[in-house]
Every structure is written in structure tokens, then in C-alpha cells.
>>> print(open('upload.tsv').read())   # TSV, C-alpha atoms and all ligand atoms
chain	number	residue	atom	x	y	z
N	30	MET	CA	-22.12	-1.70	-11.46
N	31	TYR	CA	-18.49	-2.07	-12.48
N	32	GLU	CA	-16.92	-5.05	-10.84
N	33	LYS	CA	-13.33	-6.05	-11.31
N	34	LYS	CA	-12.73	-9.77	-10.97
N	35	TYR	CA	-9.48	-11.21	-9.64
N	36	ASN	CA	-10.08	-14.96	-9.98
N	37	ASP	CA	-12.55	-15.68	-7.20
N	38	LEU	CA	-12.00	-12.28	-5.56
N	39	VAL	CA	-14.24	-9.42	-6.56
N	40	LEU	CA	-13.38	-5.78	-6.07
N	41	ASP	CA	-16.44	-3.56	-6.21
N	42	ILE	CA	-14.96	-0.21	-7.15
N	43	GLU	CA	-18.27	1.62	-6.90
N	44	LYS	CA	-18.66	0.40	-3.33
N	45	ILE	CA	-15.10	1.50	-2.47
N	46	ASN	CA	-15.81	4.95	-3.93
N	47	GLU	CA	-19.01	5.20	-1.89
N	48	GLU	CA	-17.16	4.22	1.30
N	49	TYR	CA	-14.56	6.91	0.66
N	50	LYS	CA	-17.23	9.52	-0.06
N	51	LYS	CA	-19.28	9.02	3.08
N	52	SER	CA	-16.70	8.45	5.75
N	53	THR	CA	-14.37	11.03	7.29
N	54	PHE	CA	-11.04	9.23	7.09
N	55	LEU	CA	-11.49	5.47	6.73
N	56	TRP	CA	-7.90	4.59	7.63
N	57	GLY	CA	-7.26	7.55	9.92
N	58	LEU	CA	-4.69	10.30	9.58
N	59	LYS	CA	-1.83	8.67	11.47
N	60	PRO	CA	0.74	7.04	9.19
N	61	ASN	CA	1.47	3.34	9.40
N	62	LYS	CA	4.13	2.78	12.08
N	63	TYR	CA	6.59	1.25	9.59
N	64	VAL	CA	6.27	4.24	7.25
N	65	THR	CA	7.61	6.42	10.09
N	66	PHE	CA	10.85	4.35	10.01
N	67	ILE	CA	11.60	5.39	6.43
N	68	PRO	CA	12.90	8.95	7.08
N	69	LYS	CA	15.24	7.40	9.68
N	70	ILE	CA	16.78	5.22	6.96
N	71	ILE	CA	16.84	7.63	4.01
N	72	LYS	CA	16.58	11.39	4.20
N	73	SER	CA	14.84	12.13	0.88
N	74	GLY	CA	13.98	10.58	-2.48
N	75	LYS	CA	11.16	9.45	-4.72
N	76	VAL	CA	8.32	7.37	-3.28
N	77	LEU	CA	5.58	5.37	-5.02
N	78	ASP	CA	2.61	4.65	-2.71
N	79	ILE	CA	0.50	1.84	-4.23
N	80	GLY	CA	-3.14	1.82	-3.06
N	81	ALA	CA	-2.49	5.11	-1.27
N	82	GLY	CA	-6.11	5.52	-0.12
N	83	GLU	CA	-6.73	8.89	1.53
N	84	GLY	CA	-3.01	9.54	1.74
N	85	ARG	CA	-2.03	9.20	5.40
N	86	ASN	CA	1.32	7.61	4.42
N	87	ALA	CA	1.96	9.60	1.22
N	88	ILE	CA	1.39	12.90	3.03
N	89	TYR	CA	3.55	11.92	6.01
N	90	LEU	CA	6.48	11.34	3.64
N	91	ALA	CA	5.72	14.35	1.39
N	92	LYS	CA	5.99	16.56	4.49
N	93	ARG	CA	9.42	15.07	5.19
N	94	ASN	CA	11.33	15.87	2.02
N	95	PHE	CA	10.10	12.99	-0.14
N	96	GLU	CA	8.68	13.42	-3.65
N	97	VAL	CA	5.62	11.16	-3.60
N	98	LEU	CA	3.53	9.61	-6.37
N	99	ALA	CA	0.28	8.30	-4.85
N	100	LEU	CA	-1.60	5.70	-6.91
N	101	ASP	CA	-5.07	4.35	-6.19
N	102	ILE	CA	-7.78	2.72	-8.27
N	103	SER	CA	-10.44	4.78	-6.46
N	104	LYS	CA	-11.16	8.26	-7.80
N	105	ALA	CA	-12.86	9.20	-4.52
N	106	ALA	CA	-9.77	8.18	-2.52
N	107	ILE	CA	-7.50	10.27	-4.74
N	108	GLU	CA	-9.86	13.26	-4.42
N	109	LYS	CA	-9.71	12.97	-0.63
N	110	LEU	CA	-5.94	12.64	-0.77
N	111	LYS	CA	-5.78	15.82	-2.87
N	112	MET	CA	-7.91	17.69	-0.33
N	113	LEU	CA	-5.78	16.46	2.58
N	114	ALA	CA	-2.53	17.38	0.81
N	115	GLU	CA	-3.87	20.91	0.21
N	116	ARG	CA	-4.94	21.18	3.83
N	117	GLU	CA	-1.49	20.06	4.95
N	118	ASN	CA	0.12	22.40	2.43
N	119	CYS	CA	2.23	19.74	0.76
N	120	SER	CA	2.59	18.51	-2.77
N	121	VAL	CA	1.84	14.92	-3.82
N	122	ARG	CA	1.60	13.68	-7.44
N	123	LYS	CA	-1.49	11.57	-7.95
N	124	VAL	CA	-2.65	8.90	-10.36
N	125	THR	CA	-6.00	7.11	-10.44
N	126	GLU	CA	-5.16	3.72	-11.89
N	127	ASP	CA	-5.22	-0.03	-11.38
N	128	ILE	CA	-1.75	-1.11	-10.26
N	129	LEU	CA	-2.12	-4.26	-12.37
N	130	LYS	CA	-2.26	-2.06	-15.49
N	131	PHE	CA	0.07	0.72	-14.37
N	132	HIS	CA	3.46	1.08	-15.97
N	133	THR	CA	6.17	3.71	-15.79
N	134	ASN	CA	9.86	3.98	-16.64
N	135	GLU	CA	10.36	6.04	-13.50
N	136	LYS	CA	12.38	4.43	-10.70
N	137	PHE	CA	11.75	5.07	-7.01
N	138	ASP	CA	13.83	5.08	-3.83
N	139	VAL	CA	10.87	3.75	-1.85
N	140	VAL	CA	7.83	1.74	-2.93
N	141	LEU	CA	5.01	1.29	-0.39
N	142	CYS	CA	2.08	-1.11	-0.47
N	143	ILE	CA	0.25	-0.84	2.84
N	144	ALA	CA	-2.84	-3.02	3.44
N	145	VAL	CA	-3.51	-3.61	-0.24
N	146	LEU	CA	-2.21	-7.00	-1.40
N	147	ASN	CA	-4.88	-9.08	0.36
N	148	ILE	CA	-7.46	-7.62	-2.02
N	149	PHE	CA	-5.83	-9.48	-4.93
N	150	SER	CA	-5.66	-13.14	-5.86
N	151	LYS	CA	-2.31	-14.59	-4.84
N	152	GLU	CA	-1.12	-14.59	-8.44
N	153	ASP	CA	-1.91	-10.89	-8.86
N	154	ALA	CA	-0.43	-10.04	-5.45
N	155	TYR	CA	2.82	-11.72	-6.54
N	156	ASN	CA	2.70	-9.73	-9.81
N	157	VAL	CA	2.34	-6.50	-7.84
N	158	ILE	CA	5.35	-7.46	-5.71
N	159	GLU	CA	7.41	-8.09	-8.87
N	160	LYS	CA	6.33	-4.66	-10.19
N	161	MET	CA	7.32	-3.04	-6.91
N	162	LYS	CA	10.77	-4.62	-7.14
N	163	PHE	CA	11.10	-3.53	-10.78
N	164	PHE	CA	10.13	0.09	-9.99
N	165	THR	CA	12.77	0.31	-7.23
N	166	LYS	CA	16.23	1.84	-7.68
N	167	PRO	CA	19.30	-0.14	-6.55
N	168	ASN	CA	19.64	0.36	-2.76
N	169	GLY	CA	15.97	1.42	-2.65
N	170	LEU	CA	13.34	0.17	-0.19
N	171	ASN	CA	10.07	-1.75	-0.41
N	172	LEU	CA	7.61	-1.65	2.47
N	173	ILE	CA	4.62	-4.03	2.48
N	174	THR	CA	1.99	-4.94	5.03
N	175	VAL	CA	-0.39	-7.88	4.56
N	176	PHE	CA	-2.91	-9.82	6.61
N	177	THR	CA	-1.57	-13.23	7.58
N	178	ASP	CA	-3.58	-16.44	7.63
N	179	LYS	CA	-3.55	-16.58	11.45
N	180	GLY	CA	-7.00	-16.10	13.02
N	181	ILE	CA	-9.99	-14.69	11.16
N	182	LYS	CA	-10.66	-15.43	7.52
N	183	HIS	CA	-12.71	-13.50	5.01
N	184	LYS	CA	-13.83	-14.88	1.67
N	185	ASN	CA	-13.01	-11.63	-0.15
N	186	PHE	CA	-9.37	-11.59	0.93
N	187	SER	CA	-6.36	-13.74	0.16
N	188	PHE	CA	-4.08	-14.33	3.13
N	189	PHE	CA	-0.33	-14.77	3.39
N	190	ASN	CA	1.29	-17.47	5.46
N	191	LYS	CA	4.05	-16.57	7.88
N	192	LYS	CA	7.01	-16.88	5.54
N	193	GLU	CA	5.42	-16.08	2.21
N	194	LEU	CA	6.31	-12.38	2.04
N	195	ARG	CA	9.85	-13.03	3.21
N	196	ASP	CA	10.22	-15.67	0.45
N	197	ARG	CA	9.35	-13.09	-2.25
N	198	TYR	CA	12.33	-11.01	-1.06
N	199	LYS	CA	14.92	-13.80	-0.74
N	200	ASP	CA	17.18	-11.92	-3.15
N	201	TRP	CA	16.95	-8.61	-1.19
N	202	ASN	CA	18.26	-7.54	2.18
N	203	ILE	CA	15.39	-7.89	4.68
N	204	LEU	CA	15.63	-5.03	7.20
N	205	LYS	CA	12.47	-5.95	9.12
N	206	CYS	CA	9.89	-8.72	8.99
N	207	GLU	CA	7.52	-8.41	11.91
N	208	TYR	CA	4.14	-9.80	12.94
N	209	TYR	CA	1.57	-7.95	15.02
N	210	THR	CA	-2.15	-7.76	15.75
N	211	LYS	CA	-4.12	-4.62	14.96
N	212	TYR	CA	-7.51	-3.78	16.45
N	213	GLU	CA	-9.82	-1.87	14.11
N	214	ILE	CA	-13.12	-0.10	14.73
N	215	HIS	CA	-14.18	0.80	11.18
N	216	HIS	CA	-17.48	-0.94	10.23
N	217	ARG	CA	-17.47	-3.10	13.40
N	218	PRO	CA	-14.74	-3.91	15.95
N	219	HIS	CA	-12.39	-6.61	14.67
N	220	ARG	CA	-8.70	-7.46	14.53
N	221	HIS	CA	-6.17	-8.34	11.89
N	222	HIS	CA	-2.97	-10.34	12.15
N	223	ILE	CA	-0.43	-8.49	10.07
N	224	CYS	CA	3.03	-9.07	8.64
N	225	ALA	CA	5.15	-5.97	7.87
N	226	LEU	CA	8.18	-6.38	5.67
N	227	LEU	CA	10.82	-3.74	4.93
N	228	ALA	CA	13.45	-4.81	2.41
N	229	LYS	CA	16.36	-3.15	0.64
N	230	LYS	CA	17.25	-3.86	-2.98
N	231	PRO	CA	20.88	-4.89	-3.51
N	232	LYS	CA	23.09	-2.30	-5.17
N	233	LEU	CA	23.81	-4.51	-8.17
N	234	ALA	CA	20.36	-6.07	-8.70
N	301	LIG	C1	-7.17	-0.83	2.91
N	301	LIG	S1	-6.92	0.52	1.81
N	301	LIG	C2	-5.31	1.06	2.32
N	301	LIG	C3	-5.04	2.51	2.00
N	301	LIG	C4	-3.66	3.04	2.39
N	301	LIG	N1	-2.58	2.21	1.84
N	301	LIG	C5	-3.50	3.17	3.87
N	301	LIG	O1	-2.69	2.42	4.45
N	301	LIG	O2	-4.15	4.04	4.46
N	301	LIG	C6	-6.58	-0.31	0.24
N	301	LIG	C7	-6.54	0.64	-0.94
N	301	LIG	O3	-6.13	-0.08	-2.12
N	301	LIG	C8	-6.82	0.46	-3.24
N	301	LIG	N2	-6.80	-0.52	-4.34
N	301	LIG	C9	-7.48	-1.68	-4.42
N	301	LIG	N3	-7.21	-2.32	-5.57
N	301	LIG	C10	-6.34	-1.53	-6.25
N	301	LIG	C11	-5.71	-1.65	-7.53
N	301	LIG	N4	-5.95	-2.68	-8.33
N	301	LIG	N5	-4.86	-0.67	-7.92
N	301	LIG	C12	-4.64	0.41	-7.10
N	301	LIG	N6	-5.23	0.57	-5.88
N	301	LIG	C13	-6.06	-0.39	-5.47
N	301	LIG	C14	-8.22	0.75	-2.69
N	301	LIG	O4	-8.93	1.66	-3.47
N	301	LIG	C15	-7.87	1.28	-1.29
N	301	LIG	O5	-7.73	2.68	-1.30
>>> encode(input="upload.tsv", output="C-alpha cells", more="lines below")
Ligand SMILES: C[S@@+](CC[C@H](N)C(=O)[O-])C[C@H]1O[C@@H](n2cnc3c(N)ncnc32)[C@H](O)[C@@H]1O
Amino acid sequence: MYEKKYNDLVLDIEKINEEYKKSTFLWGLKPNKYVTFIPKIIKSGKVLDIGAGEGRNAIYLAKRNFEVLALDISKAAIEKLKMLAERENCSVRKVTEDILKFHTNEKFDVVLCIAVLNIFSKEDAYNVIEKMKFFTKPNGLNLITVFTDKGIKHKNFSFFNKKELRDRYKDWNILKCEYYTKYEIHHRPHRHHICALLAKKPKLA
């Protein structure tokens, strides 16, 4: 079994692939609420969706004039995303890769990272955030959601405290930083406390 170790966190890629293969749509087909704000802020542009999963967010934006590159470490997730994009008759570029190893000279108007960063050690999560900022054009947007440290804990996740995400974007214009609770039914009923941050890169950064 191939296991990728992030300090004390372990990501079992085989297990993730199996989950994606057996389930219909693990994260549903509805886009994240904050993703739906993006077309209200910018009308078109290039999007990088990090940890895109089955593509609910990538496809929502691809259907609304955005040119999307969806990246995920799971081959099974990317295959499902491809199938969904075909079904929805829209075009999404895809790459199966570890974001920690990924590099490109391309710059994006929007970089998304929805429900991914908690899988990493804090150090790696911060590295991903720095990459997101680097991949973003001046005036471009970053959208991130993370689980906060309020409420339930899980040994395989790293949690963010209330101001941690905001602190990473001190040098950007924060358009939204909101906290909410989400009830989930996948595996077994549970809830997550979430922080969503939408930030705009300064023109001269
Ligand atoms: C909870 S899912 C979220 C999927 C999607 N963002 C959504 O909101 O529907 C997290 C995703 O991150 C992907 N992932 C985990 N580690 C990754 C890495 N190192 N590089 C790229 N993707 C990764 C997983 O395969 C999984 O599809």
C-alpha cells in the first residue's frame, strides 16, 4: 500500500481512490456556497482548483465562462471529474498530481482550495497557501475553506484556529472571512466547524 506521510499525518491514497470508486458523489454535486460568489465578482478567467475531487466546484465555474485546471492527487477522483464534465458538456483541464510537488509558470485569476488543507501538516498547509498566492495574478482571488479547531477533533487532520487563515493573508485584501457549521452524512452523521476565506491579491504584489 502506498502511503504518503506528512509528519504525523498519513494520507492513504489507495483508500481515497477506493472511496471515490465505490461511492456515487462523495461531496455531492452542488458547488460550495463561496464558489458561487466568484462569478459575481469576476466574469471570466483562469481558475486552478486544488484538490478538486469529483469536480463539483470546477464544473460549476467551467459552465460559467471560466477556464479551469482541476488538480487532484487521486486518479479515481480525476476520472470521475472527467465523466461528470462530459455529462455536463463542459471542458475542464485535469492533472493528477500532488500539490506539494506541482509547479507551473501559469498564473490564475482564481485559485480554490476547498476542504483540502486539513489533510496536511500545518507546515505543508502553509506551503500550499504560499503556492496558491504565487500562482495568482495581481488582482486575482484565493478561496479557501478549512476545518477550525472548534468542536470535534480527529487525529488525521490538522485544524486551524480562528485567526490563522486570516493571518496568512495579512498582505491581501480580505473580501470575506466567515465561520459556519456544516452537517455531513457521508460515512456517518457528523458536523464540521469551517472557516471560509476569500481574498484578493493587491495589484502591485
Ligand atoms: C475533502 S476532498 C474535497 C474535494 C473538493 N475540493 C470538493 O470541495 O468537493 C479533498 C480532496 O483533496 C485531494 N488531495 C489530498 N491530498 C492532496 C494533495 N497532496 N494534492 C492534491 N490533492 C490532494 C483528495 O484526493 C480529495 O479529492
>>> closest_residue(input="upload.tsv", among="N:Lys130, N:Arg220, N:Lys229, N:Lys69", to="ligand LIG 301 (chain N)", atoms="all atoms listed in the file")
N:Lys130
>>> closest_atom_pairs(input="upload.tsv", of="chain N", to="ligand LIG 301 (chain N)", cutoff="7 Å", atoms="only C-alpha atoms and all ligand atoms", output="CSV")
residue,atom,partner,partner_atom,distance
N:Ile45,CA,N:LIG301,O4,6.3
N:Trp56,CA,N:LIG301,O2,4.9
N:Asn61,CA,N:LIG301,O1,6.5
N:Ile79,CA,N:LIG301,C12,6.1
N:Gly80,CA,N:LIG301,O3,3.7
N:Ala81,CA,N:LIG301,N1,4.3
N:Gly82,CA,N:LIG301,O5,3.5
N:Glu83,CA,N:LIG301,O2,6.2
N:Gly84,CA,N:LIG301,O2,6.2
N:Arg85,CA,N:LIG301,O2,5.7
N:Asn86,CA,N:LIG301,O2,6.5
N:Leu100,CA,N:LIG301,C12,6.1
N:Asp101,CA,N:LIG301,N6,3.8
N:Ile102,CA,N:LIG301,C12,4.1
N:Ser103,CA,N:LIG301,O4,4.6
N:Ala106,CA,N:LIG301,O5,6.0
N:Glu126,CA,N:LIG301,C12,5.8
N:Asp127,CA,N:LIG301,N5,3.5
N:Ile128,CA,N:LIG301,N5,3.9
N:Leu129,CA,N:LIG301,N4,5.8
N:Cys142,CA,N:LIG301,N1,6.2
N:Ile143,CA,N:LIG301,N1,4.3
N:Ala144,CA,N:LIG301,C1,4.9
N:Val145,CA,N:LIG301,C6,4.5
N:Ile148,CA,N:LIG301,N3,6.4
>>> closest_residue(input="upload.tsv", among="N:Ile70, N:Leu113, N:Cys224, N:Leu141", to="Val97 (chain N)", atoms="all atoms listed in the file")
N:Leu141
>>> closest_residue(input="upload.tsv", among="N:Tyr63, N:Ile88, N:Leu170, N:Val76", to="Tyr208 (chain N)", atoms="all atoms listed in the file")
N:Tyr63
>>> closest_residue(input="upload.tsv", among="N:Val175, N:Leu55, N:Leu90, N:Ala228", to="Lys151 (chain N)", atoms="all atoms listed in the file")
N:Val175
>>> closest_residue(input="upload.tsv", among="N:Leu172, N:Leu40, N:Ala87, N:Val121", to="Pro60 (chain N)", atoms="all atoms listed in the file")
N:Ala87
>>> decode(input="upload.tsv", residues="region 55-84 of chain N", atoms="N, CA and C atoms", output="PDB file, in the first residue's frame")
ATOM      1  N   LEU N  55     -19.130  11.603  -3.534  1.00  0.00           N
ATOM      2  CA  LEU N  55     -18.787  11.746  -2.114  1.00  0.00           C
ATOM      3  C   LEU N  55     -19.119  13.119  -1.562  1.00  0.00           C
ATOM      4  N   TRP N  56     -18.844  14.155  -2.340  1.00  0.00           N
ATOM      5  CA  TRP N  56     -19.012  15.532  -1.845  1.00  0.00           C
ATOM      6  C   TRP N  56     -20.236  16.205  -2.478  1.00  0.00           C
ATOM      7  N   GLY N  57     -21.034  15.402  -3.177  1.00  0.00           N
ATOM      8  CA  GLY N  57     -22.255  15.936  -3.790  1.00  0.00           C
ATOM      9  C   GLY N  57     -21.954  16.659  -5.097  1.00  0.00           C
ATOM     10  N   LEU N  58     -23.024  17.161  -5.696  1.00  0.00           N
ATOM     11  CA  LEU N  58     -22.872  17.837  -6.988  1.00  0.00           C
ATOM     12  C   LEU N  58     -23.021  19.350  -6.857  1.00  0.00           C
ATOM     13  N   LYS N  59     -23.577  19.771  -5.715  1.00  0.00           N
ATOM     14  CA  LYS N  59     -23.764  21.218  -5.507  1.00  0.00           C
ATOM     15  C   LYS N  59     -22.423  21.875  -5.207  1.00  0.00           C
ATOM     16  N   PRO N  60     -22.130  23.018  -5.821  1.00  0.00           N
ATOM     17  CA  PRO N  60     -20.851  23.673  -5.516  1.00  0.00           C
ATOM     18  C   PRO N  60     -20.833  24.216  -4.089  1.00  0.00           C
ATOM     19  N   ASN N  61     -19.655  24.430  -3.583  1.00  0.00           N
ATOM     20  CA  ASN N  61     -19.502  25.127  -2.305  1.00  0.00           C
ATOM     21  C   ASN N  61     -20.129  26.518  -2.448  1.00  0.00           C
ATOM     22  N   LYS N  62     -20.823  26.942  -1.398  1.00  0.00           N
ATOM     23  CA  LYS N  62     -21.550  28.228  -1.428  1.00  0.00           C
ATOM     24  C   LYS N  62     -20.639  29.399  -1.818  1.00  0.00           C
ATOM     25  N   TYR N  63     -19.399  29.385  -1.333  1.00  0.00           N
ATOM     26  CA  TYR N  63     -18.497  30.521  -1.587  1.00  0.00           C
ATOM     27  C   TYR N  63     -17.999  30.520  -3.038  1.00  0.00           C
ATOM     28  N   VAL N  64     -17.978  29.341  -3.653  1.00  0.00           N
ATOM     29  CA  VAL N  64     -17.591  29.263  -5.068  1.00  0.00           C
ATOM     30  C   VAL N  64     -18.638  29.987  -5.921  1.00  0.00           C
ATOM     31  N   THR N  65     -19.895  29.925  -5.483  1.00  0.00           N
ATOM     32  CA  THR N  65     -20.960  30.582  -6.267  1.00  0.00           C
ATOM     33  C   THR N  65     -20.841  32.113  -6.218  1.00  0.00           C
ATOM     34  N   PHE N  66     -20.053  32.649  -5.285  1.00  0.00           N
ATOM     35  CA  PHE N  66     -19.845  34.112  -5.229  1.00  0.00           C
ATOM     36  C   PHE N  66     -18.880  34.575  -6.325  1.00  0.00           C
ATOM     37  N   ILE N  67     -18.024  33.668  -6.776  1.00  0.00           N
ATOM     38  CA  ILE N  67     -16.942  34.081  -7.683  1.00  0.00           C
ATOM     39  C   ILE N  67     -17.442  34.721  -8.978  1.00  0.00           C
ATOM     40  N   PRO N  68     -18.418  34.116  -9.692  1.00  0.00           N
ATOM     41  CA  PRO N  68     -18.885  34.754 -10.932  1.00  0.00           C
ATOM     42  C   PRO N  68     -19.546  36.119 -10.697  1.00  0.00           C
ATOM     43  N   LYS N  69     -19.905  36.392  -9.434  1.00  0.00           N
ATOM     44  CA  LYS N  69     -20.476  37.722  -9.132  1.00  0.00           C
ATOM     45  C   LYS N  69     -19.358  38.757  -8.982  1.00  0.00           C
ATOM     46  N   ILE N  70     -18.138  38.284  -8.763  1.00  0.00           N
ATOM     47  CA  ILE N  70     -17.013  39.209  -8.571  1.00  0.00           C
ATOM     48  C   ILE N  70     -16.228  39.375  -9.872  1.00  0.00           C
ATOM     49  N   ILE N  71     -15.953  38.241 -10.552  1.00  0.00           N
ATOM     50  CA  ILE N  71     -15.284  38.349 -11.854  1.00  0.00           C
ATOM     51  C   ILE N  71     -16.032  37.497 -12.882  1.00  0.00           C
ATOM     52  N   LYS N  72     -16.100  38.007 -14.080  1.00  0.00           N
ATOM     53  CA  LYS N  72     -16.988  37.395 -15.085  1.00  0.00           C
ATOM     54  C   LYS N  72     -16.364  36.188 -15.801  1.00  0.00           C
ATOM     55  N   SER N  73     -15.036  36.165 -15.900  1.00  0.00           N
ATOM     56  CA  SER N  73     -14.368  35.048 -16.573  1.00  0.00           C
ATOM     57  C   SER N  73     -12.907  35.041 -16.137  1.00  0.00           C
ATOM     58  N   GLY N  74     -12.160  34.033 -16.583  1.00  0.00           N
ATOM     59  CA  GLY N  74     -10.736  33.992 -16.245  1.00  0.00           C
ATOM     60  C   GLY N  74     -10.278  32.568 -16.026  1.00  0.00           C
ATOM     61  N   LYS N  75      -9.015  32.452 -15.619  1.00  0.00           N
ATOM     62  CA  LYS N  75      -8.419  31.129 -15.408  1.00  0.00           C
ATOM     63  C   LYS N  75      -8.490  30.741 -13.937  1.00  0.00           C
ATOM     64  N   VAL N  76      -8.913  29.493 -13.708  1.00  0.00           N
ATOM     65  CA  VAL N  76      -9.087  29.003 -12.325  1.00  0.00           C
ATOM     66  C   VAL N  76      -8.213  27.773 -12.115  1.00  0.00           C
ATOM     67  N   LEU N  77      -7.551  27.698 -10.963  1.00  0.00           N
ATOM     68  CA  LEU N  77      -6.880  26.470 -10.530  1.00  0.00           C
ATOM     69  C   LEU N  77      -7.646  25.949  -9.317  1.00  0.00           C
ATOM     70  N   ASP N  78      -8.163  24.703  -9.419  1.00  0.00           N
ATOM     71  CA  ASP N  78      -8.894  24.096  -8.306  1.00  0.00           C
ATOM     72  C   ASP N  78      -8.001  23.008  -7.702  1.00  0.00           C
ATOM     73  N   ILE N  79      -7.458  23.278  -6.521  1.00  0.00           N
ATOM     74  CA  ILE N  79      -6.522  22.352  -5.859  1.00  0.00           C
ATOM     75  C   ILE N  79      -7.301  21.343  -5.009  1.00  0.00           C
ATOM     76  N   GLY N  80      -7.060  20.053  -5.234  1.00  0.00           N
ATOM     77  CA  GLY N  80      -7.826  19.014  -4.527  1.00  0.00           C
ATOM     78  C   GLY N  80      -9.260  19.056  -5.001  1.00  0.00           C
ATOM     79  N   ALA N  81      -9.421  19.037  -6.325  1.00  0.00           N
ATOM     80  CA  ALA N  81     -10.732  19.289  -6.957  1.00  0.00           C
ATOM     81  C   ALA N  81     -11.744  18.180  -6.699  1.00  0.00           C
ATOM     82  N   GLY N  82     -11.278  16.999  -6.285  1.00  0.00           N
ATOM     83  CA  GLY N  82     -12.194  15.883  -6.024  1.00  0.00           C
ATOM     84  C   GLY N  82     -12.960  15.511  -7.285  1.00  0.00           C
ATOM     85  N   GLU N  83     -14.255  15.323  -7.130  1.00  0.00           N
ATOM     86  CA  GLU N  83     -15.097  14.888  -8.266  1.00  0.00           C
ATOM     87  C   GLU N  83     -15.522  16.056  -9.143  1.00  0.00           C
ATOM     88  N   GLY N  84     -15.146  17.258  -8.754  1.00  0.00           N
ATOM     89  CA  GLY N  84     -15.299  18.393  -9.666  1.00  0.00           C
ATOM     90  C   GLY N  84     -16.514  19.280  -9.495  1.00  0.00           C
TER      91      GLY N  84
END
